[in-house]
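So this one's start.cif, mmCIF, C-alpha atoms:
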data_target
#
loop_
_atom_site.label_atom_id
_atom_site.label_comp_id
_atom_site.auth_asym_id
_atom_site.auth_seq_id
_atom_site.Cartn_x
_atom_site.Cartn_y
_atom_site.Cartn_z
CA MET A 1 9.39 -15.21 -8.91
CA GLY A 2 6.11 -15.94 -10.65
CA ALA A 3 3.48 -13.82 -12.35
CA VAL A 4 0.04 -12.81 -11.01
CA ALA A 5 -3.23 -12.12 -12.82
CA VAL A 6 -6.60 -10.92 -11.45
CA VAL A 7 -9.95 -10.83 -13.30
CA LEU A 8 -13.10 -9.02 -12.17
CA GLY A 9 -16.61 -10.23 -12.92
CA THR A 10 -19.87 -11.18 -11.23
CA ALA A 11 -19.41 -13.93 -8.68
CA GLY A 12 -20.90 -15.52 -5.62
CA ALA A 13 -20.83 -13.80 -2.29
CA VAL A 14 -17.65 -14.04 -0.28
CA ALA A 15 -17.10 -13.10 3.32
CA PRO A 16 -15.56 -9.63 3.63
CA GLY A 17 -11.87 -9.28 4.31
CA PRO A 18 -10.57 -8.29 7.75
CA ALA A 19 -11.58 -4.86 8.93
CA ALA A 20 -10.75 -2.80 11.98
CA LEU A 21 -12.68 -0.24 13.96
CA ALA A 22 -10.86 2.83 15.21
CA VAL A 23 -11.02 3.49 18.93
CA PRO A 24 -11.69 6.66 20.93
CA ARG A 25 -8.76 9.02 21.19
CA ASP A 26 -7.29 10.17 24.48
CA ALA A 27 -8.42 13.74 23.69
CA GLY A 28 -12.06 12.64 23.79
CA THR A 29 -12.82 12.61 20.07
CA THR A 30 -13.80 9.44 18.26
CA VAL A 31 -13.00 7.96 14.90
CA SER A 32 -15.90 6.58 12.86
CA PRO A 33 -15.97 2.88 11.92
CA SER A 34 -13.83 2.20 8.88
CA PRO A 35 -13.58 -0.68 6.40
CA TYR A 36 -9.80 -0.19 6.42
CA ALA A 37 -7.80 -2.58 8.59
CA PHE A 38 -5.36 -0.49 10.58
CA ALA A 39 -2.13 -2.05 11.81
CA ASP A 40 -2.53 -4.16 14.93
CA GLY A 41 -1.43 -2.18 17.97
CA ALA A 42 -1.41 1.15 16.13
CA GLN A 43 -1.03 3.96 18.66
CA ASN A 44 -3.40 6.92 18.76
CA ILE A 45 -1.78 10.28 18.07
CA ASP A 46 -3.23 13.75 17.52
CA GLY A 47 -2.03 15.94 14.69
CA ALA A 48 -1.11 19.45 15.85
CA LYS A 49 -2.27 22.67 14.24
CA SER A 50 1.16 24.16 14.96
CA THR A 51 4.52 22.44 14.55
CA ALA A 52 5.38 23.73 18.02
CA ASP A 53 2.88 21.24 19.46
CA ALA A 54 3.65 18.36 17.07
CA GLU A 55 3.84 14.91 18.65
CA SER A 56 6.71 12.59 17.78
CA LEU A 57 6.59 9.63 15.40
CA THR A 58 8.92 6.74 16.19
CA PRO A 59 10.17 4.91 13.06
CA GLY A 60 8.73 1.41 12.87
CA THR A 61 5.64 2.24 14.96
CA ALA A 62 2.22 2.53 13.34
CA TYR A 63 -0.12 5.33 14.40
CA LYS A 64 -3.80 6.24 14.03
CA SER A 65 -4.83 9.85 13.68
CA SER A 66 -7.42 12.10 12.07
CA LEU A 67 -7.39 14.79 9.38
CA PRO A 68 -9.97 17.61 9.56
CA SER A 69 -11.74 18.78 6.43
CA SER A 70 -9.73 22.01 6.36
CA GLY A 71 -6.34 23.08 7.63
CA LYS A 72 -3.11 21.22 8.23
CA VAL A 73 -1.99 18.83 10.94
CA SER A 74 1.65 18.26 11.82
CA TYR A 75 3.81 15.59 13.41
CA ARG A 76 7.55 15.49 14.08
CA VAL A 77 10.26 12.90 13.59
CA GLU A 78 13.86 12.91 14.81
CA LEU A 79 16.36 11.95 12.11
CA ASP A 80 20.12 11.35 11.99
CA ASP A 81 22.41 12.57 9.22
CA THR A 82 23.09 9.19 7.61
CA SER A 83 19.72 7.46 7.02
CA ASN A 84 17.15 8.01 4.34
CA ALA A 85 13.73 8.46 5.93
CA TYR A 86 10.17 7.92 4.72
CA VAL A 87 6.86 8.78 6.36
CA SER A 88 3.79 7.16 4.83
CA VAL A 89 0.33 8.59 5.45
CA THR A 90 -2.80 6.66 4.46
CA ALA A 91 -6.07 8.60 4.38
CA VAL A 92 -9.33 6.71 4.89
CA PRO A 93 -12.53 8.65 4.17
CA SER A 94 -15.64 7.22 5.81
CA PRO A 95 -17.97 5.10 3.67
CA GLY A 96 -20.54 7.25 1.90
CA THR A 97 -18.26 10.29 1.91
CA ALA A 98 -18.37 12.44 -1.24
CA VAL A 99 -15.06 13.42 -2.83
CA SER A 100 -14.19 15.59 -5.82
CA VAL A 101 -11.93 14.66 -8.72
CA THR A 102 -9.24 17.04 -7.46
CA ASP A 103 -9.49 16.18 -3.79
CA GLY A 104 -6.99 13.88 -2.15
CA LEU A 105 -4.08 13.82 0.26
CA LYS A 106 -1.03 16.09 0.42
CA VAL A 107 2.00 15.19 2.56
CA SER A 108 5.02 17.44 3.04
CA LEU A 109 8.27 16.92 4.94
CA GLN A 110 10.27 19.94 6.14
CA ASP A 111 13.26 20.61 8.35
CA ASP A 112 13.15 22.84 11.43
CA ASP A 113 13.90 25.92 9.30
CA GLY A 114 10.92 25.36 7.02
CA THR A 115 12.98 23.99 4.12
CA SER A 116 10.94 21.59 2.01
CA CYS A 117 12.45 18.12 1.70
CA SER A 118 9.57 16.63 -0.31
CA ASP A 119 5.92 17.09 -1.32
CA ASP A 120 3.54 14.41 -2.51
CA THR A 121 -0.11 14.68 -3.52
CA GLU A 122 -2.40 11.77 -4.38
CA SER A 123 -6.02 12.11 -5.53
CA PHE A 124 -9.09 9.85 -5.77
CA GLY A 125 -9.37 9.97 -9.55
CA ALA A 126 -12.14 10.46 -12.07
CA ALA A 127 -14.55 8.01 -10.45
CA ARG A 128 -14.90 10.27 -7.37
CA SER A 129 -15.17 7.18 -5.23
CA PRO A 130 -13.81 7.48 -1.67
CA HIS A 131 -11.24 4.86 -0.76
CA PRO A 132 -7.91 4.56 1.10
CA ILE A 133 -5.10 6.47 -0.62
CA ALA A 134 -1.51 6.95 0.54
CA ALA A 135 1.12 9.67 0.08
CA TRP A 136 4.63 9.84 1.50
CA GLY A 137 7.19 12.31 2.75
CA ARG A 138 10.87 11.49 2.30
CA ARG A 139 14.31 12.74 3.23
CA ASP A 140 17.16 11.51 1.01
CA ILE A 141 20.79 11.62 2.13
CA SER A 142 22.62 12.15 -1.15
CA PRO A 143 25.48 14.27 -2.49
CA ALA A 144 23.11 15.30 -5.28
CA ARG A 145 20.66 16.85 -2.77
CA PRO A 146 22.18 19.58 -0.61
CA LEU A 147 19.00 20.27 1.40
CA CYS A 148 17.66 18.41 4.44
CA GLN A 149 20.93 16.60 5.17
CA GLU A 150 21.40 17.52 8.83
CA ALA A 151 20.47 15.54 11.91
CA GLY A 152 17.62 17.03 13.89
CA THR A 153 13.87 17.53 14.06
CA TYR A 154 11.78 17.27 10.91
CA TYR A 155 8.06 17.96 10.52
CA VAL A 156 5.45 15.99 8.58
CA THR A 157 2.52 18.13 7.46
CA VAL A 158 -0.72 16.55 6.23
CA GLU A 159 -3.68 18.23 4.54
CA ARG A 160 -6.41 17.61 2.02
CA ALA A 161 -5.49 18.44 -1.56
CA ASP A 162 -8.73 20.27 -2.37
CA PRO A 163 -11.27 20.27 0.47
CA ASP A 164 -13.37 22.90 -1.34
CA GLY A 165 -13.68 20.86 -4.53
CA ALA A 166 -17.17 20.54 -5.96
CA GLY A 167 -19.14 17.92 -4.07
CA SER A 168 -16.55 17.13 -1.39
CA SER A 169 -17.89 16.20 2.05
CA PRO A 170 -16.57 18.24 4.99
CA GLY A 171 -16.09 15.36 7.42
CA ALA A 172 -12.77 14.31 8.95
CA TRP A 173 -10.74 11.40 7.54
CA ASP A 174 -9.00 8.66 9.47
CA LEU A 175 -5.22 8.46 9.04
CA GLU A 176 -2.62 5.72 9.41
CA LEU A 177 1.00 6.89 9.71
CA LEU A 178 4.22 4.89 9.56
CA ALA A 179 7.79 6.20 9.52
CA MET A 180 10.65 4.09 8.14
CA THR A 181 14.40 4.54 7.86
CA GLU A 182 16.79 3.13 5.25
CA PRO A 183 20.51 2.90 6.13
CA ARG A 184 23.24 4.31 3.94
CA THR A 185 25.19 2.01 1.64
CA ALA A 186 28.59 0.67 2.64
CA LYS A 187 30.10 1.97 -0.62
CA ALA A 188 29.66 5.20 -2.51
CA GLU A 189 26.28 5.42 -4.22
CA ALA A 190 25.58 6.09 -7.88
CA THR A 191 24.53 9.69 -8.54
CA SER A 192 22.52 9.01 -11.70
CA ALA A 193 19.73 6.62 -12.65
CA PRO A 194 20.29 3.67 -15.02
CA GLU A 195 19.99 4.97 -18.58
CA ALA A 196 18.74 1.84 -20.34
CA TRP A 197 16.15 -0.73 -19.35
CA ASN A 198 13.65 -2.99 -21.09
CA SER A 199 10.53 -0.84 -21.49
CA ALA A 200 8.61 -3.36 -23.63
CA SER A 201 5.38 -4.63 -22.09
CA PRO A 202 5.19 -8.43 -22.15
CA GLN A 203 1.97 -10.24 -22.95
CA PRO A 204 -0.22 -10.64 -19.85
CA LEU A 205 0.39 -13.94 -18.14
CA GLN A 206 -1.98 -16.70 -19.25
CA GLY A 207 -3.36 -19.67 -17.40
CA GLU A 208 -6.15 -20.75 -15.09
CA ALA A 209 -6.82 -18.21 -12.36
CA GLU A 210 -6.45 -19.24 -8.73
CA ARG A 211 -8.46 -17.62 -5.97
CA ARG A 212 -6.76 -15.31 -3.48
CA ARG A 213 -8.80 -13.17 -1.09
CA GLY A 214 -7.44 -9.63 -0.79
CA GLY A 215 -6.87 -7.96 2.56
CA ALA A 216 -8.36 -4.73 3.91
CA GLY A 217 -5.18 -2.75 4.57
CA PHE A 218 -1.44 -2.51 3.98
CA THR A 219 -0.64 -4.69 7.00
CA ARG A 220 -3.34 -7.22 5.95
CA ALA A 221 -2.28 -7.38 2.30
CA THR A 222 -2.52 -10.85 0.79
CA PRO A 223 0.83 -12.12 -0.59
CA LEU A 224 0.86 -12.94 -4.31
CA ASP A 225 3.47 -14.74 -6.32
CA GLN A 226 3.75 -14.56 -10.10
CA GLY A 227 0.56 -15.98 -11.57
CA VAL A 228 -3.07 -15.37 -12.42
CA TRP A 229 -5.29 -14.65 -9.42
CA ARG A 230 -9.01 -14.14 -9.07
CA ASP A 231 -10.93 -12.36 -6.35
CA ASP A 232 -14.41 -10.97 -5.75
CA ILE A 233 -14.94 -7.28 -5.09
CA ARG A 234 -18.00 -5.14 -4.38
CA PRO A 235 -18.66 -1.53 -5.40
CA GLY A 236 -16.97 0.78 -2.89
CA GLN A 237 -14.60 -1.95 -1.66
CA THR A 238 -10.78 -1.76 -1.62
CA LEU A 239 -8.56 -4.86 -1.57
CA PHE A 240 -4.84 -5.04 -0.79
CA TYR A 241 -2.21 -7.46 -2.13
CA GLU A 242 1.59 -7.57 -1.87
CA VAL A 243 4.11 -8.94 -4.35
CA PRO A 244 7.78 -9.49 -3.36
CA VAL A 245 10.03 -7.82 -5.96
CA ASP A 246 13.78 -8.22 -5.53
CA TRP A 247 16.68 -6.12 -6.77
CA GLY A 248 16.92 -6.20 -10.57
CA GLN A 249 13.38 -7.48 -11.10
CA GLN A 250 10.55 -5.89 -13.06
CA LEU A 251 6.87 -5.99 -12.17
CA HIS A 252 4.14 -6.16 -14.83
CA VAL A 253 0.46 -6.21 -13.82
CA THR A 254 -2.78 -6.39 -15.79
CA ALA A 255 -6.17 -6.07 -14.11
CA GLU A 256 -9.34 -7.46 -15.64
CA LEU A 257 -12.95 -6.76 -14.72
CA GLY A 258 -15.29 -9.53 -15.79
CA SER A 259 -18.60 -9.03 -17.58
CA SER A 260 -21.76 -8.36 -15.60
CA ASP A 261 -24.74 -10.71 -15.57
CA SER A 262 -27.09 -8.09 -14.11
CA GLY A 263 -28.43 -6.93 -17.47
CA GLY A 264 -27.62 -3.34 -16.57
CA THR A 265 -26.43 -0.74 -19.06
CA GLY A 266 -24.44 2.46 -18.84
CA TYR A 267 -20.82 3.41 -18.28
CA ALA A 268 -18.72 3.95 -15.15
CA SER A 269 -15.54 5.97 -15.71
CA GLY A 270 -12.52 4.64 -13.84
CA ALA A 271 -14.64 1.85 -12.36
CA LEU A 272 -11.67 -0.31 -11.37
CA ASP A 273 -8.69 1.57 -10.00
CA LEU A 274 -5.43 -0.33 -9.46
CA ASP A 275 -2.60 1.45 -7.64
CA LEU A 276 0.95 0.24 -7.09
CA TYR A 277 2.83 1.32 -3.95
CA ASN A 278 6.44 0.58 -3.02
CA PRO A 279 7.60 -0.99 0.28
CA ALA A 280 7.55 2.45 1.96
CA ARG A 281 3.97 2.90 0.68
CA GLY A 282 5.05 5.53 -1.80
CA HIS A 283 2.86 5.69 -4.89
CA VAL A 284 4.50 4.24 -8.02
CA ALA A 285 1.87 3.96 -10.76
CA ASP A 286 -1.81 3.31 -11.39
CA VAL A 287 -4.30 2.29 -14.05
CA GLY A 288 -8.02 2.98 -14.30
CA VAL A 289 -10.45 0.69 -16.12
CA GLY A 290 -13.80 2.04 -17.35
CA TYR A 291 -16.77 -0.33 -17.30
CA ASP A 292 -19.89 -0.76 -19.44
CA GLY A 293 -20.89 -4.22 -18.32
CA ALA A 294 -18.61 -6.05 -20.76
CA GLN A 295 -15.24 -7.47 -19.72
CA LYS A 296 -12.51 -4.81 -19.56
CA SER A 297 -8.79 -4.79 -18.80
CA GLY A 298 -5.94 -2.37 -18.20
CA SER A 299 -2.21 -2.65 -17.43
CA LEU A 300 0.17 -0.67 -15.30
CA PRO A 301 2.66 1.32 -17.43
CA PRO A 302 6.04 -0.30 -18.15
CA LEU A 303 8.28 0.00 -15.09
CA PRO A 304 12.07 -0.33 -14.84
CA PRO A 305 13.80 -2.98 -12.73
CA VAL A 306 14.12 -2.24 -9.03
CA ASP A 307 17.44 -0.43 -8.55
CA HIS A 308 18.93 1.60 -5.71
CA ALA A 309 20.07 4.18 -8.28
CA ASN A 310 16.51 4.79 -9.51
CA ARG A 311 16.16 7.40 -6.76
CA ASN A 312 18.30 9.69 -8.91
CA ALA A 313 15.79 9.64 -11.78
CA PRO A 314 14.04 12.90 -12.69
CA THR A 315 10.58 11.27 -12.63
CA GLU A 316 8.75 10.30 -9.46
CA GLN A 317 7.54 7.02 -10.94
CA ILE A 318 11.03 5.67 -11.58
CA GLY A 319 12.36 7.21 -8.38
CA ALA A 320 9.84 5.24 -6.34
CA LEU A 321 11.35 1.94 -7.57
CA ARG A 322 14.34 2.47 -5.32
CA PHE A 323 14.36 -0.61 -3.14
CA ALA A 324 13.46 -4.29 -3.01
CA GLY A 325 10.68 -5.58 -0.81
CA SER A 326 6.92 -6.02 -0.87
CA TYR A 327 5.18 -3.91 -3.51
CA TYR A 328 1.50 -3.33 -2.83
CA LEU A 329 -1.33 -3.66 -5.33
CA VAL A 330 -4.42 -1.79 -4.14
CA ALA A 331 -7.61 -2.47 -6.11
CA HIS A 332 -10.74 -0.32 -5.68
CA LEU A 333 -14.10 -0.77 -7.39
CA ALA A 334 -15.96 2.53 -7.66
CA GLN A 335 -19.23 2.85 -5.79
CA SER A 336 -20.86 4.18 -8.98
CA VAL A 337 -20.64 0.69 -10.55
CA ALA A 338 -23.61 -0.31 -8.38
CA ASP A 339 -25.81 2.36 -9.95
CA ASN A 340 -25.96 0.54 -13.29
CA PHE A 341 -24.81 -3.00 -12.59
CA GLY A 342 -25.90 -3.82 -9.05
CA ASP A 343 -24.06 -4.56 -5.83
CA GLY A 344 -22.16 -7.58 -7.14
CA PRO A 345 -19.84 -8.97 -6.04
CA PHE A 346 -17.86 -8.74 -9.27
CA ALA A 347 -15.08 -11.07 -10.36
CA MET A 348 -11.65 -9.49 -10.67
CA THR A 349 -8.54 -11.05 -12.16
CA LEU A 350 -4.98 -9.84 -11.67
CA ARG A 351 -2.22 -11.01 -13.96
CA VAL A 352 1.12 -10.37 -12.33
CA ARG A 353 4.48 -11.10 -13.89
CA VAL A 354 7.81 -10.65 -12.11
CA SER A 355 10.60 -10.86 -14.67
CA GLY A 356 14.36 -10.95 -14.30
CA ALA A 357 16.68 -12.79 -11.96
CA ALA A 358 17.11 -11.45 -8.44
CA GLN A 359 20.39 -9.57 -7.97
CA ASP A 360 22.50 -8.58 -4.99
CA GLY A 361 21.43 -5.43 -3.20
CA PRO A 362 23.49 -2.27 -2.73
CA GLY A 363 25.07 -3.47 0.52
CA TYR A 364 23.59 -1.48 3.39
CA ALA A 365 25.82 -0.37 6.26
CA GLY A 366 23.17 -1.11 8.86
CA GLU A 367 19.59 -2.27 9.38
CA SER A 368 16.39 -0.67 8.19
CA VAL A 369 13.51 0.23 10.50
CA PRO A 370 11.33 -1.83 10.42
CA ASN A 371 13.95 -4.54 10.03
CA GLY A 372 13.99 -6.27 6.63
CA VAL A 373 11.43 -3.99 5.00
CA PHE A 374 13.72 -3.24 2.02
CA GLU A 375 14.61 -6.80 1.11
CA VAL A 376 12.95 -10.03 -0.04
CA SER A 377 13.45 -12.96 2.33
CA ASP A 378 12.82 -16.67 1.88
CA GLN A 379 9.86 -16.26 4.19
CA ASP A 380 8.45 -13.57 1.88
CA ARG A 381 8.74 -15.90 -1.10
CA GLU A 382 7.10 -18.74 0.81
CA ALA A 383 4.24 -16.48 1.91
CA ALA A 384 3.71 -15.33 -1.69
CA ALA A 385 3.60 -18.92 -2.90
CA GLU A 386 1.09 -19.93 -0.22
CA GLY A 387 -0.93 -16.72 -0.13
CA VAL A 388 -0.69 -16.36 3.64
CA PRO A 389 1.43 -13.78 5.52
CA GLY A 390 4.42 -15.41 7.19
CA GLY A 391 3.24 -14.49 10.67
CA ASP A 392 -0.18 -16.16 10.37
CA ASP A 393 -0.91 -19.16 12.57
CA THR A 394 -0.70 -22.76 11.42
CA ALA A 395 -4.46 -23.30 11.21
CA MET A 396 -5.03 -20.33 8.93
CA ARG A 397 -2.10 -21.29 6.73
CA ALA A 398 -3.68 -24.74 6.34
CA LEU A 399 -6.96 -23.10 5.35
CA ALA A 400 -5.40 -20.93 2.65
CA VAL A 401 -3.04 -23.53 1.24
CA GLY A 402 -5.26 -26.58 1.47
CA GLY A 403 -8.52 -24.93 0.50
CA ILE A 404 -10.46 -26.81 3.18
CA GLY A 405 -14.04 -25.80 3.93
CA THR A 406 -15.03 -23.16 6.44
CA GLY A 407 -16.50 -25.61 8.93
CA SER A 408 -13.43 -27.83 8.83
CA ALA A 409 -11.21 -24.78 9.10
CA LEU A 410 -13.01 -23.66 12.24
CA LEU A 411 -12.63 -27.09 13.79
CA VAL A 412 -8.94 -27.20 12.92
CA GLY A 413 -8.46 -23.68 14.21
CA LEU A 414 -10.28 -24.37 17.47
CA GLY A 415 -8.29 -27.54 17.94
CA VAL A 416 -4.97 -25.77 17.42
CA TRP A 417 -5.93 -22.89 19.67
CA THR A 418 -7.19 -25.26 22.40
CA VAL A 419 -3.90 -27.18 22.40
CA LEU A 420 -1.90 -23.95 22.52
CA ALA A 421 -4.05 -22.60 25.36
CA ARG A 422 -3.56 -25.79 27.38
CA ARG A 423 0.19 -25.62 26.84
CA ARG A 424 0.26 -21.98 27.97
CA ASN A 425 -1.81 -22.80 31.06
CA ALA A 426 0.42 -25.76 31.88
CA ALA A 427 3.53 -23.60 31.51
CA ALA A 428 2.01 -20.97 33.78
#

Structure re-expressed in structure tokens:
Amino acid sequence: MGAVAVVLGTAGAVAPGPAALAVPRDAGTTVSPSPYAFADGAQNIDGAKSTADAESLTPGTAYKSSLPSSGKVSYRVELDDTSNAYVSVTAVPSPGTAVSVTDGLKVSLQDDDGTSCSDDTESFGAARSPHPIAAWGRRDISPARPLCQEAGTYYVTVERADPDGAGSSPGAWDLELLAMTEPRTAKAEATSAPEAWNSASPQPLQGEAERRRGGAGFTRATPLDQGVWRDDIRPGQTLFYEVPVDWGQQLHVTAELGSSDSGGTGYASGALDLDLYNPARGHVADVGVGYDGAQKSGSLPPLPPVDHANRNAPTEQIGALRFAGSYYLVAHLAQSVADNFGDGPFAMTLRVRVSGAAQDGPGYAGESVPNGVFEVSDQDREAAAEGVPGGDDTAMRALAVGGIGTGSALLVGLGVWTVLARRRNAAA
């Protein structure tokens, strides 16, 4: 695996990343337009005020929903007594929404008797800039955890962390939900976390930065290999990237925000926020970079190698590094940066290093849902090297890899699509 670096600074305008608009719900309410790209084919679902009315989440299926400014909403999921389960919830406040330092998203998972299996709360941070944030609920099958081990109905409860915080807007937030299951291991699992690991932070990766355009959501995240990568980001914008990290490997990331050429002065606290999420979209770590117009940088804290036994660690940060797969880097530039330094765009550089040789996994006794989410495949490595998700069409892969111009790309794309359409018509 290679290393990745990203630097932020003033740059030329770039077309925005993919975005999706939410659609009207069956119940008659509507979701406001959002810069977040929801999963293609995400199903609409309404959160219930009572668990008695909770609608069911099917593992592997993405859902759209809405979170009111006050109160809880609940969903249910049916689980067996052998699989670990994770329910990720991504909250997307509307652009222009005001949020407080203490506001954020709280996700809880409980069994049918009200026993708490997990609680997770994620906040927006000191910049008070609204952007997509994710929290997860989880149920671990483990001899070290006597609770929530039975098969049956479990409830996912979602609420705002502090809707009454000073300055918070009362409007509803869009939600994206995704449940996943992880099979048990074929052999007995370790009951304690690894005691020793290399906690030294290596020097940020050096070299000429290559351009990679970030995506607008978890399912649109741009694959990154080890290296130094540059992108352009505007105040209020959030960009998503994914880095394949295999068993036994460590991830090191430094984010840089380039100097401004606007001539502005002042200081923006937590201007650049970089969050790391695991393959189940559970929060791992973050770093905030303040900005005064001069170049600034910050690194994620040292993280241990990915290990199945990390889930037994007493800290949430280490416990989140429990499986291989695509780890997500989510970069957000605070809206307040525009107040002193203009609308940009600004140049961002990410320096990503993946150290250590890939090792064999724990040996699962079954398949995950979605399939392959907790592993790194050859296709994942190829996508990271090329910067294009494995499922993208040939024309778009040629655009990203070859760096051809927009006009040529459109011609190539139209040509490919025309040929495919003719073949489909002929087959019909």

task = Spell out the residues picked by the PyMOL selection byres ((chain A and resi 87-99) around 7) here, as a ChimeraX atom specification.
result = /A:34,85-86,100-101,103,105,128-138,167-169,173-180,280-282

Neighbour list for range 211-224 of chain A as a PyMOL selection string, cut-off 8 Å, all atoms listed in the file, skip fewer than 2 positions in-chain = chain A and resi 4+17-19+35-39+209+226-227+229-232+238-244+328+383-389

query = Neighbours of range 194-208 of chain A within 10 Å (all atoms listed in the file; same-chain residues fewer than 6 positions away dropped), as a PyMOL selection string?
reply = chain A and resi 2-5+226-230+250+252-255+299-305+307-313+350-353+355

query = By how many Å are CA of Ile233 in chain A and CA of His283 in chain A apart?
reply = 22.0 Å

request  = Between CA of Ser260 in chain A and CA of Gly344 in chain A, measure the distance and give it in Å to one decimal.
outcome  = 8.5 Å

Decode the PyMOL selection byres ((chain A and resi 279) around 7) for the given file into explicit residues and return them as a PDB file with C-alpha atoms, keeping the file's coordinate frame.
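Below is the file that was written, expr_30.pdb:
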ATOM      1  CA  TYR A 277       2.830   1.320  -3.950  1.00  0.00           C
ATOM      2  CA  ASN A 278       6.440   0.580  -3.020  1.00  0.00           C
ATOM      3  CA  ALA A 280       7.550   2.450   1.960  1.00  0.00           C
ATOM      4  CA  ARG A 281       3.970   2.900   0.680  1.00  0.00           C
ATOM      5  CA  GLY A 325      10.680  -5.580  -0.810  1.00  0.00           C
ATOM      6  CA  SER A 326       6.920  -6.020  -0.870  1.00  0.00           C
ATOM      7  CA  TYR A 327       5.180  -3.910  -3.510  1.00  0.00           C
ATOM      8  CA  VAL A 373      11.430  -3.990   5.000  1.00  0.00           C
ATOM      9  CA  PHE A 374      13.720  -3.240   2.020  1.00  0.00           C
TER      10      PHE A 374
END
